[in-house]
Amino acid sequence: MNLPDQISHLWTQVLGLIGKVVSPDWGSVIGLLPVLLLIGVIGPLVSVLALVWFYYFMRRPRTRIRFVDGPRLAAIASDGLPLFPAGEPYDLRTGLIYPPGTSQNDAGDLLSVTCPMCGIARFADVTTCTNCGLVLKVDGRVALRTLQPVGPPPGGAAAA
């Protein structure tokens with residue numbers, strides 16, 4: 001082959017390559033359509049959904065908790081009598097449990113406390129148990145608070 005034939009052959013190959021780019025084989029382009037759809041449409045949708053989920057997860061509403069410092073109703077045992085926890089002041093007449101550190105109810109009556117050591121009841125203003133000698137003095141400002149969720153009680157507003 002001489003030089004003009006080699007240049008002509010090279011030029012034919014260059015034109016064939018340019019022809020494939022300018023006017024491609026549409027059958028193979030249509031065959032690539034599912035891959036292009038996956039990359040161009042479904043990929044960004046999945047990315048946006050993941051970002052929206054992450055944003056909601058970080059900014060979702062949290063449960064609000066309020067602190068209840070007032071008296072609460074004691075649980076009722078199977079025999080019908082109220083159950084009072086040891087170490088917390090209570091009023092046997094009304095069946096209410098008061099916050100730790102309280103020694104009188106709203107009417108000015110003395111509250112009772114059950115000793116956590118021996119189970120003997122005494123007045124809440126007496127800090128030492130007369131039976132076992134346990135000193136139980138809880139300051140109301142330092143005592144743990146009862147946590148209750150904000151909103152209607154379980155069972156809906158009709159139960160309130």
# chains A, B, ... in the order shown; residues from 1 in each chain; ligands from 1
>>> residues_around(residues="A:Asp125", least_positions_apart="6", cutoff="12 Å", atoms="only C-alpha atoms", output="list in words")
Glu88, Pro89, Tyr90, Pro100, Gly101, Thr102, Ser103, Gln104, Asn105, Asp109, Leu110, Leu111, Ser112, Val113, Val135, Leu136, Lys137, Val138 and Asp139 of chain A
>>> write_last_selection(atoms="C-alpha atoms", output="short mmCIF file (atom, residue, chain, number, x, y, z; two decimals), in the first residue's frame")
data_model
loop_
_atom_site.label_atom_id
_atom_site.label_comp_id
_atom_site.auth_asym_id
_atom_site.auth_seq_id
_atom_site.Cartn_x
_atom_site.Cartn_y
_atom_site.Cartn_z
CA GLU A 88 -43.72 8.86 100.65
CA PRO A 89 -46.21 10.93 102.66
CA TYR A 90 -49.86 10.03 102.25
CA PRO A 100 -41.65 13.78 99.27
CA GLY A 101 -40.90 16.37 101.94
CA THR A 102 -44.56 17.31 102.46
CA SER A 103 -45.80 16.95 106.05
CA GLN A 104 -49.30 18.50 105.84
CA ASN A 105 -52.11 18.37 103.30
CA ASP A 109 -53.88 17.83 108.56
CA LEU A 110 -50.70 15.85 109.28
CA LEU A 111 -49.71 13.26 106.69
CA SER A 112 -48.43 9.76 107.43
CA VAL A 113 -45.35 7.95 106.16
CA VAL A 135 -33.80 8.58 109.79
CA LEU A 136 -35.93 9.43 106.80
CA LYS A 137 -35.89 13.10 105.99
CA VAL A 138 -36.45 14.05 102.37
CA ASP A 139 -36.30 17.65 101.24
#
>>> select_by_dssp(residues="chain A", states="strand (DSSP E)", output="list in words")
Ile65, Arg66, Phe67, Val68, Arg72, Leu73, Ala75, Ile76, Pro82, Leu83, Tyr90, Asp91, Leu96, Ile97, Ser112, Val113, Thr114, Ala121, Arg122, Phe123, Thr146, Leu147, Gln148 and Pro149 of chain A
>>> write_last_selection(atoms="N, CA and C atoms", output="mmCIF file, in the first residue's frame")
data_model
loop_
_atom_site.group_PDB
_atom_site.id
_atom_site.type_symbol
_atom_site.label_atom_id
_atom_site.label_comp_id
_atom_site.auth_asym_id
_atom_site.auth_seq_id
_atom_site.Cartn_x
_atom_site.Cartn_y
_atom_site.Cartn_z
ATOM 1 N N ILE A 65 -42.791 16.037 78.326
ATOM 2 C CA ILE A 65 -42.999 15.531 79.677
ATOM 3 C C ILE A 65 -43.216 16.715 80.599
ATOM 4 N N ARG A 66 -44.206 16.591 81.445
ATOM 5 C CA ARG A 66 -44.422 17.625 82.442
ATOM 6 C C ARG A 66 -44.122 17.028 83.814
ATOM 7 N N PHE A 67 -43.730 17.864 84.731
ATOM 8 C CA PHE A 67 -43.435 17.441 86.076
ATOM 9 C C PHE A 67 -44.682 17.642 86.925
ATOM 10 N N VAL A 68 -45.063 16.599 87.645
ATOM 11 C CA VAL A 68 -46.241 16.663 88.504
ATOM 12 C C VAL A 68 -45.756 16.732 89.939
ATOM 13 N N ARG A 72 -51.101 12.743 94.147
ATOM 14 C CA ARG A 72 -51.651 11.814 93.167
ATOM 15 C C ARG A 72 -52.440 10.734 93.892
ATOM 16 N N LEU A 73 -53.332 10.112 93.216
ATOM 17 C CA LEU A 73 -54.198 9.110 93.797
ATOM 18 C C LEU A 73 -53.430 7.804 93.969
ATOM 19 N N ALA A 75 -52.821 3.762 94.279
ATOM 20 C CA ALA A 75 -53.363 2.569 93.630
ATOM 21 C C ALA A 75 -54.232 1.808 94.634
ATOM 22 N N ILE A 76 -55.217 1.101 94.128
ATOM 23 C CA ILE A 76 -56.133 0.349 94.980
ATOM 24 C C ILE A 76 -55.763 -1.128 94.913
ATOM 25 N N PRO A 82 -56.331 1.438 99.698
ATOM 26 C CA PRO A 82 -55.273 2.071 98.890
ATOM 27 C C PRO A 82 -53.892 1.530 99.268
ATOM 28 N N LEU A 83 -53.021 1.435 98.275
ATOM 29 C CA LEU A 83 -51.634 1.007 98.478
ATOM 30 C C LEU A 83 -50.746 2.254 98.497
ATOM 31 N N TYR A 90 -48.537 10.302 102.797
ATOM 32 C CA TYR A 90 -49.859 10.032 102.252
ATOM 33 C C TYR A 90 -50.923 10.454 103.254
ATOM 34 N N ASP A 91 -52.139 10.610 102.741
ATOM 35 C CA ASP A 91 -53.299 10.933 103.559
ATOM 36 C C ASP A 91 -54.243 9.744 103.463
ATOM 37 N N LEU A 96 -54.658 10.017 98.966
ATOM 38 C CA LEU A 96 -53.719 10.733 98.108
ATOM 39 C C LEU A 96 -52.292 10.549 98.594
ATOM 40 N N ILE A 97 -51.369 10.457 97.651
ATOM 41 C CA ILE A 97 -49.940 10.393 97.947
ATOM 42 C C ILE A 97 -49.360 11.764 97.609
ATOM 43 N N SER A 112 -49.122 10.934 106.895
ATOM 44 C CA SER A 112 -48.434 9.763 107.435
ATOM 45 C C SER A 112 -47.385 9.286 106.450
ATOM 46 N N VAL A 113 -46.402 8.552 106.976
ATOM 47 C CA VAL A 113 -45.351 7.953 106.158
ATOM 48 C C VAL A 113 -45.131 6.537 106.670
ATOM 49 N N THR A 114 -44.982 5.579 105.743
ATOM 50 C CA THR A 114 -44.643 4.210 106.117
ATOM 51 C C THR A 114 -43.134 4.063 106.046
ATOM 52 N N ALA A 121 -46.137 2.746 110.315
ATOM 53 C CA ALA A 121 -46.567 4.081 109.903
ATOM 54 C C ALA A 121 -46.285 5.085 111.018
ATOM 55 N N ARG A 122 -45.968 6.308 110.629
ATOM 56 C CA ARG A 122 -45.722 7.405 111.566
ATOM 57 C C ARG A 122 -46.130 8.692 110.885
ATOM 58 N N PHE A 123 -46.159 9.789 111.640
ATOM 59 C CA PHE A 123 -46.464 11.083 111.048
ATOM 60 C C PHE A 123 -45.286 11.545 110.186
ATOM 61 N N THR A 146 -42.376 12.989 89.882
ATOM 62 C CA THR A 146 -43.095 12.010 89.091
ATOM 63 C C THR A 146 -43.280 12.567 87.690
ATOM 64 N N LEU A 147 -42.948 11.772 86.693
ATOM 65 C CA LEU A 147 -43.072 12.214 85.312
ATOM 66 C C LEU A 147 -44.356 11.661 84.724
ATOM 67 N N GLN A 148 -45.111 12.513 84.058
ATOM 68 C CA GLN A 148 -46.309 12.091 83.357
ATOM 69 C C GLN A 148 -46.302 12.723 81.988
ATOM 70 N N PRO A 149 -46.733 11.978 80.956
ATOM 71 C CA PRO A 149 -46.776 12.559 79.614
ATOM 72 C C PRO A 149 -47.865 13.620 79.517
#
>>> decode(residues="stretch 16-140 of chain A", atoms="C-alpha atoms", output="PDB file, in the first residue's frame")
ATOM      1  CA  GLY A  16     -16.662   5.871  10.511  1.00  0.00           C
ATOM      2  CA  LEU A  17     -15.888   6.773  14.140  1.00  0.00           C
ATOM      3  CA  ILE A  18     -17.398  10.248  13.742  1.00  0.00           C
ATOM      4  CA  GLY A  19     -20.444   8.679  12.030  1.00  0.00           C
ATOM      5  CA  LYS A  20     -21.054   6.429  15.036  1.00  0.00           C
ATOM      6  CA  VAL A  21     -21.013   9.457  17.346  1.00  0.00           C
ATOM      7  CA  VAL A  22     -23.079  11.767  15.121  1.00  0.00           C
ATOM      8  CA  SER A  23     -25.657   9.186  14.029  1.00  0.00           C
ATOM      9  CA  PRO A  24     -25.511   6.345  16.578  1.00  0.00           C
ATOM     10  CA  ASP A  25     -27.027   2.905  16.365  1.00  0.00           C
ATOM     11  CA  TRP A  26     -30.449   3.679  17.802  1.00  0.00           C
ATOM     12  CA  GLY A  27     -31.128   0.043  18.656  1.00  0.00           C
ATOM     13  CA  SER A  28     -28.274  -0.034  21.156  1.00  0.00           C
ATOM     14  CA  VAL A  29     -29.264   3.403  22.544  1.00  0.00           C
ATOM     15  CA  ILE A  30     -32.820   2.112  23.162  1.00  0.00           C
ATOM     16  CA  GLY A  31     -31.253  -0.927  24.846  1.00  0.00           C
ATOM     17  CA  LEU A  32     -29.457   1.427  27.262  1.00  0.00           C
ATOM     18  CA  LEU A  33     -32.707   3.238  28.147  1.00  0.00           C
ATOM     19  CA  PRO A  34     -33.444   1.202  31.338  1.00  0.00           C
ATOM     20  CA  VAL A  35     -29.948   1.906  32.641  1.00  0.00           C
ATOM     21  CA  LEU A  36     -30.256   5.619  31.842  1.00  0.00           C
ATOM     22  CA  LEU A  37     -33.713   5.686  33.489  1.00  0.00           C
ATOM     23  CA  LEU A  38     -32.310   4.048  36.610  1.00  0.00           C
ATOM     24  CA  ILE A  39     -29.401   6.474  36.845  1.00  0.00           C
ATOM     25  CA  GLY A  40     -31.265   9.622  35.796  1.00  0.00           C
ATOM     26  CA  VAL A  41     -34.669   9.272  37.487  1.00  0.00           C
ATOM     27  CA  ILE A  42     -34.835   6.577  40.147  1.00  0.00           C
ATOM     28  CA  GLY A  43     -31.419   7.374  41.657  1.00  0.00           C
ATOM     29  CA  PRO A  44     -32.243  11.034  42.412  1.00  0.00           C
ATOM     30  CA  LEU A  45     -35.709  10.070  43.731  1.00  0.00           C
ATOM     31  CA  VAL A  46     -34.194   7.578  46.168  1.00  0.00           C
ATOM     32  CA  SER A  47     -31.629  10.180  47.240  1.00  0.00           C
ATOM     33  CA  VAL A  48     -34.323  12.809  47.860  1.00  0.00           C
ATOM     34  CA  LEU A  49     -36.447  10.321  49.825  1.00  0.00           C
ATOM     35  CA  ALA A  50     -33.434   9.390  51.963  1.00  0.00           C
ATOM     36  CA  LEU A  51     -32.724  13.066  52.686  1.00  0.00           C
ATOM     37  CA  VAL A  52     -36.383  13.724  53.591  1.00  0.00           C
ATOM     38  CA  TRP A  53     -36.402  10.697  55.929  1.00  0.00           C
ATOM     39  CA  PHE A  54     -33.157  11.845  57.572  1.00  0.00           C
ATOM     40  CA  TYR A  55     -34.517  15.386  58.013  1.00  0.00           C
ATOM     41  CA  TYR A  56     -37.733  14.068  59.606  1.00  0.00           C
ATOM     42  CA  PHE A  57     -35.795  11.669  61.826  1.00  0.00           C
ATOM     43  CA  MET A  58     -33.651  14.513  63.134  1.00  0.00           C
ATOM     44  CA  ARG A  59     -36.516  17.019  63.518  1.00  0.00           C
ATOM     45  CA  ARG A  60     -39.397  14.714  64.496  1.00  0.00           C
ATOM     46  CA  PRO A  61     -41.620  15.792  67.381  1.00  0.00           C
ATOM     47  CA  ARG A  62     -40.436  14.543  70.735  1.00  0.00           C
ATOM     48  CA  THR A  63     -42.652  13.432  73.582  1.00  0.00           C
ATOM     49  CA  ARG A  64     -43.208  16.263  75.983  1.00  0.00           C
ATOM     50  CA  ILE A  65     -42.999  15.531  79.677  1.00  0.00           C
ATOM     51  CA  ARG A  66     -44.422  17.625  82.442  1.00  0.00           C
ATOM     52  CA  PHE A  67     -43.435  17.441  86.076  1.00  0.00           C
ATOM     53  CA  VAL A  68     -46.241  16.663  88.504  1.00  0.00           C
ATOM     54  CA  ASP A  69     -45.578  18.033  91.962  1.00  0.00           C
ATOM     55  CA  GLY A  70     -49.064  17.798  93.414  1.00  0.00           C
ATOM     56  CA  PRO A  71     -50.714  14.896  95.171  1.00  0.00           C
ATOM     57  CA  ARG A  72     -51.651  11.814  93.167  1.00  0.00           C
ATOM     58  CA  LEU A  73     -54.198   9.110  93.797  1.00  0.00           C
ATOM     59  CA  ALA A  74     -52.924   5.889  95.382  1.00  0.00           C
ATOM     60  CA  ALA A  75     -53.363   2.569  93.630  1.00  0.00           C
ATOM     61  CA  ILE A  76     -56.133   0.349  94.980  1.00  0.00           C
ATOM     62  CA  ALA A  77     -55.304  -3.176  96.170  1.00  0.00           C
ATOM     63  CA  SER A  78     -57.489  -6.228  95.541  1.00  0.00           C
ATOM     64  CA  ASP A  79     -59.054  -5.852  99.005  1.00  0.00           C
ATOM     65  CA  GLY A  80     -60.227  -2.315  98.128  1.00  0.00           C
ATOM     66  CA  LEU A  81     -57.752  -0.449 100.337  1.00  0.00           C
ATOM     67  CA  PRO A  82     -55.273   2.071  98.890  1.00  0.00           C
ATOM     68  CA  LEU A  83     -51.634   1.007  98.478  1.00  0.00           C
ATOM     69  CA  PHE A  84     -49.190   3.635  99.715  1.00  0.00           C
ATOM     70  CA  PRO A  85     -45.486   3.416  98.774  1.00  0.00           C
ATOM     71  CA  ALA A  86     -43.006   3.311 101.625  1.00  0.00           C
ATOM     72  CA  GLY A  87     -41.164   6.552 102.318  1.00  0.00           C
ATOM     73  CA  GLU A  88     -43.715   8.863 100.651  1.00  0.00           C
ATOM     74  CA  PRO A  89     -46.206  10.932 102.660  1.00  0.00           C
ATOM     75  CA  TYR A  90     -49.859  10.032 102.252  1.00  0.00           C
ATOM     76  CA  ASP A  91     -53.299  10.933 103.559  1.00  0.00           C
ATOM     77  CA  LEU A  92     -55.224   7.828 104.566  1.00  0.00           C
ATOM     78  CA  ARG A  93     -58.532   9.687 104.677  1.00  0.00           C
ATOM     79  CA  THR A  94     -58.409  10.934 101.061  1.00  0.00           C
ATOM     80  CA  GLY A  95     -56.178   8.203  99.565  1.00  0.00           C
ATOM     81  CA  LEU A  96     -53.719  10.733  98.108  1.00  0.00           C
ATOM     82  CA  ILE A  97     -49.940  10.393  97.947  1.00  0.00           C
ATOM     83  CA  TYR A  98     -48.075  13.700  98.374  1.00  0.00           C
ATOM     84  CA  PRO A  99     -44.623  14.703  97.065  1.00  0.00           C
ATOM     85  CA  PRO A 100     -41.653  13.779  99.274  1.00  0.00           C
ATOM     86  CA  GLY A 101     -40.902  16.369 101.937  1.00  0.00           C
ATOM     87  CA  THR A 102     -44.563  17.310 102.465  1.00  0.00           C
ATOM     88  CA  SER A 103     -45.805  16.955 106.046  1.00  0.00           C
ATOM     89  CA  GLN A 104     -49.305  18.501 105.835  1.00  0.00           C
ATOM     90  CA  ASN A 105     -52.112  18.375 103.302  1.00  0.00           C
ATOM     91  CA  ASP A 106     -53.961  21.430 101.957  1.00  0.00           C
ATOM     92  CA  ALA A 107     -56.385  21.399 104.916  1.00  0.00           C
ATOM     93  CA  GLY A 108     -53.486  21.450 107.415  1.00  0.00           C
ATOM     94  CA  ASP A 109     -53.877  17.828 108.563  1.00  0.00           C
ATOM     95  CA  LEU A 110     -50.704  15.851 109.276  1.00  0.00           C
ATOM     96  CA  LEU A 111     -49.710  13.261 106.693  1.00  0.00           C
ATOM     97  CA  SER A 112     -48.434   9.763 107.435  1.00  0.00           C
ATOM     98  CA  VAL A 113     -45.351   7.953 106.158  1.00  0.00           C
ATOM     99  CA  THR A 114     -44.643   4.210 106.117  1.00  0.00           C
ATOM    100  CA  CYS A 115     -41.095   3.362 107.154  1.00  0.00           C
ATOM    101  CA  PRO A 116     -39.274   1.628 104.281  1.00  0.00           C
ATOM    102  CA  MET A 117     -37.210  -0.412 106.747  1.00  0.00           C
ATOM    103  CA  CYS A 118     -39.799  -1.880 109.114  1.00  0.00           C
ATOM    104  CA  GLY A 119     -43.157  -0.932 107.563  1.00  0.00           C
ATOM    105  CA  ILE A 120     -44.517   0.952 110.612  1.00  0.00           C
ATOM    106  CA  ALA A 121     -46.567   4.081 109.903  1.00  0.00           C
ATOM    107  CA  ARG A 122     -45.722   7.405 111.566  1.00  0.00           C
ATOM    108  CA  PHE A 123     -46.464  11.083 111.048  1.00  0.00           C
ATOM    109  CA  ALA A 124     -44.542  12.710 108.182  1.00  0.00           C
ATOM    110  CA  ASP A 125     -43.115  15.502 110.349  1.00  0.00           C
ATOM    111  CA  VAL A 126     -41.299  12.919 112.519  1.00  0.00           C
ATOM    112  CA  THR A 127     -37.974  12.233 110.781  1.00  0.00           C
ATOM    113  CA  THR A 128     -36.867   9.194 112.820  1.00  0.00           C
ATOM    114  CA  CYS A 129     -38.784   5.915 112.943  1.00  0.00           C
ATOM    115  CA  THR A 130     -39.709   5.064 116.538  1.00  0.00           C
ATOM    116  CA  ASN A 131     -39.479   1.332 115.837  1.00  0.00           C
ATOM    117  CA  CYS A 132     -36.219   0.819 113.916  1.00  0.00           C
ATOM    118  CA  GLY A 133     -34.513   4.236 114.248  1.00  0.00           C
ATOM    119  CA  LEU A 134     -34.243   4.878 110.496  1.00  0.00           C
ATOM    120  CA  VAL A 135     -33.802   8.583 109.795  1.00  0.00           C
ATOM    121  CA  LEU A 136     -35.929   9.430 106.797  1.00  0.00           C
ATOM    122  CA  LYS A 137     -35.895  13.101 105.986  1.00  0.00           C
ATOM    123  CA  VAL A 138     -36.454  14.052 102.365  1.00  0.00           C
ATOM    124  CA  ASP A 139     -36.299  17.649 101.241  1.00  0.00           C
ATOM    125  CA  GLY A 140     -39.080  18.420  98.767  1.00  0.00           C
TER     126      GLY A 140
END
